[in-house]
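Structure data follow from upload-v3.tsv (TSV, C-alpha atoms):
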```tsv
chain	number	residue	atom	x	y	z
A	1	GLN	CA	125.32	33.69	221.62
A	2	VAL	CA	127.47	32.43	224.49
A	3	ARG	CA	130.65	30.47	223.86
A	4	LEU	CA	132.12	28.32	226.63
A	5	VAL	CA	135.60	26.83	226.64
A	6	GLU	CA	136.71	24.40	229.33
A	7	SER	CA	140.28	23.70	230.38
A	8	GLY	CA	142.21	22.07	233.20
A	9	GLY	CA	141.39	18.43	232.66
A	10	GLY	CA	144.01	15.73	232.67
A	11	LEU	CA	145.25	12.51	234.20
A	12	VAL	CA	145.58	12.34	237.98
A	13	GLN	CA	146.07	9.61	240.53
A	14	ALA	CA	143.36	8.69	242.98
A	15	GLY	CA	143.36	11.10	245.89
A	16	GLY	CA	144.70	13.93	243.75
A	17	SER	CA	143.20	17.25	242.75
A	18	LEU	CA	142.39	19.17	239.61
A	19	ARG	CA	140.94	22.58	238.94
A	20	LEU	CA	138.73	23.00	235.91
A	21	SER	CA	138.14	26.37	234.35
A	22	CYS	CA	135.45	27.56	231.98
A	23	ALA	CA	135.89	30.79	230.06
A	24	ALA	CA	132.80	32.45	228.64
A	25	SER	CA	132.41	34.96	225.83
A	26	GLY	CA	129.30	36.68	224.56
A	27	GLY	CA	126.13	37.24	226.49
A	28	THR	CA	125.82	38.75	229.95
A	29	PHE	CA	127.81	36.28	231.98
A	30	SER	CA	126.92	37.72	235.37
A	31	MET	CA	123.24	36.95	234.79
A	32	TYR	CA	123.68	33.27	233.97
A	33	THR	CA	123.46	30.26	236.21
A	34	MET	CA	126.59	28.23	235.49
A	35	GLY	CA	126.84	24.49	235.84
A	36	TRP	CA	129.26	21.63	235.53
A	37	PHE	CA	128.15	18.25	234.22
A	38	ARG	CA	130.05	15.10	233.40
A	39	GLN	CA	129.57	12.11	231.18
A	40	ALA	CA	131.38	8.82	231.41
A	41	PRO	CA	131.44	6.35	228.50
A	42	GLY	CA	128.14	4.51	228.21
A	43	LYS	CA	126.46	6.69	230.81
A	44	GLU	CA	124.10	9.63	230.71
A	45	ARG	CA	125.31	13.14	231.32
A	46	GLU	CA	125.02	13.88	235.02
A	47	PHE	CA	124.94	16.97	237.15
A	48	VAL	CA	128.02	17.84	239.18
A	49	SER	CA	127.57	21.36	240.48
A	50	ALA	CA	126.02	24.74	239.76
A	51	VAL	CA	126.44	28.33	240.87
A	52	SER	CA	123.85	31.06	240.54
A	53	TRP	CA	124.46	34.62	239.41
A	54	ALA	CA	124.39	35.61	243.10
A	55	GLY	CA	126.89	32.94	244.17
A	56	GLY	CA	124.52	30.33	245.52
A	57	THR	CA	125.82	26.81	244.98
A	58	ASP	CA	124.51	23.28	244.60
A	59	TYR	CA	126.31	19.95	244.38
A	60	ALA	CA	125.55	16.38	243.47
A	61	SER	CA	125.67	14.16	246.53
A	62	SER	CA	128.53	12.18	244.99
A	63	VAL	CA	130.85	15.19	244.99
A	64	LYS	CA	129.65	17.19	247.98
A	65	GLY	CA	132.51	17.88	250.35
A	66	ARG	CA	135.13	17.11	247.70
A	67	PHE	CA	134.36	19.60	244.90
A	68	GLY	CA	133.97	23.36	245.06
A	69	ILE	CA	132.45	25.62	242.43
A	70	SER	CA	133.15	29.32	242.12
A	71	ARG	CA	132.75	32.09	239.60
A	72	ASP	CA	134.47	35.34	238.73
A	73	ASN	CA	132.03	37.59	236.92
A	74	ALA	CA	134.73	40.15	236.09
A	75	LYS	CA	136.73	37.47	234.27
A	76	LYS	CA	133.64	35.74	232.89
A	77	ALA	CA	134.87	32.46	234.29
A	78	VAL	CA	133.63	29.61	236.42
A	79	TYR	CA	135.82	27.11	238.20
A	80	LEU	CA	135.50	23.63	239.62
A	81	GLN	CA	138.03	22.64	242.26
A	82	MET	CA	138.08	18.87	242.53
A	83	ASN	CA	139.76	17.22	245.51
A	84	SER	CA	140.05	13.63	246.70
A	85	LEU	CA	139.43	12.38	243.20
A	86	ASN	CA	138.62	8.73	242.67
A	87	PRO	CA	138.32	6.59	239.52
A	88	GLU	CA	134.53	7.02	239.55
A	89	ASP	CA	135.11	10.71	238.78
A	90	THR	CA	136.60	9.81	235.39
A	91	ALA	CA	134.50	11.49	232.71
A	92	LEU	CA	134.27	14.25	230.15
A	93	TYR	CA	133.40	17.37	232.11
A	94	TYR	CA	131.19	20.01	230.52
A	95	CYS	CA	130.57	23.61	231.45
A	96	ALA	CA	127.07	24.93	230.81
A	97	ALA	CA	125.21	28.22	231.08
A	98	ALA	CA	121.54	28.77	231.77
A	99	ASN	CA	119.72	32.01	231.14
A	100	PHE	CA	118.14	31.78	234.59
A	101	GLU	CA	118.41	34.12	237.53
A	102	GLY	CA	116.49	32.17	240.15
A	103	ARG	CA	117.64	29.93	242.95
A	104	VAL	CA	120.30	27.45	241.95
A	105	GLY	CA	118.66	24.53	243.72
A	106	GLY	CA	116.99	22.31	241.16
A	107	MET	CA	119.16	23.45	238.24
A	108	SER	CA	120.47	19.94	237.82
A	109	ARG	CA	119.02	18.79	234.50
A	110	PRO	CA	120.93	19.26	231.24
A	111	ILE	CA	117.78	20.40	229.47
A	112	GLN	CA	117.67	23.45	231.73
A	113	TYR	CA	120.91	24.81	230.26
A	114	ASP	CA	121.09	26.85	227.08
A	115	TYR	CA	124.78	26.78	226.19
A	116	TRP	CA	127.47	24.13	226.43
A	117	GLY	CA	131.20	23.84	226.05
A	118	GLN	CA	133.00	21.04	224.26
A	119	GLY	CA	134.21	19.38	227.43
A	120	THR	CA	137.52	18.59	229.09
A	121	GLN	CA	138.58	15.05	229.93
A	122	VAL	CA	139.33	14.06	233.51
A	123	THR	CA	140.89	10.65	234.07
A	124	VAL	CA	141.60	9.35	237.56
A	125	SER	CA	143.85	6.32	237.84
A	126	SER	CA	143.67	3.91	240.74
```

What is this file in structure tokens?
Amino acid sequence: QVRLVESGGGLVQAGGSLRLSCAASGGTFSMYTMGWFRQAPGKEREFVSAVSWAGGTDYASSVKGRFGISRDNAKKAVYLQMNSLNPEDTALYYCAAANFEGRVGGMSRPIQYDYWGQGTQVTVSS
């Protein structure tokens, strides 16, 4: 069983930055594809970014060029650096793990992930 705990959310002004962290316990972290998703009130959960066990990355078009995902297998952690934030980025951000060792491209559907954290709130004021 894998447990995921997100942190780093908060309130930030438009144009600001935040760095989200996700700490994992249990399982073999280095073998998982790790993803970040977000869900705004009244909307479906949507893909933000993913990183494969080998370090390959993928991003939603809405965040490409502004967000950066990384992982530290030794620390069993994955990070999401978010820059140039805008109010449309306001959402509850979830960390997820998939027991999948293939290419990260296409790992953008929530159903593909096996484990989820509780989420951390990001609010961007205009």

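For the set A:Ser125, A:Phe67, A:Asp89, A:Thr33, the residue with the smallest atom-to-atom gap to Gly106 of chain A is A:Thr33, counting all atoms listed in the file.
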
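Reported to one decimal place, the separation of atom CA of Asp72 of chain A from atom CA of Gly117 of chain A is 17.4 Å.
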
Selection near Thr123 of chain A, 12 Å with all atoms listed in the file, sequence-local residues under 3 positions removed, as an NGL selection string:
:A and (8-14 or 16-18 or 38-41 or 85-93 or 120 or 126)

Glu6 of chain A: which residues within 6 Å, counting only C-alpha atoms, same-chain residues fewer than 4 positions away excluded, as an MDAnalysis selection string?
chainID A and resid 21:22 119:120

Counting all atoms listed in the file, find residues at most 10 Å from (119.2, 25.7, 227.2) (file frame) and give them as a PyMOL selection string.
chain A and resi 96-100+110-116
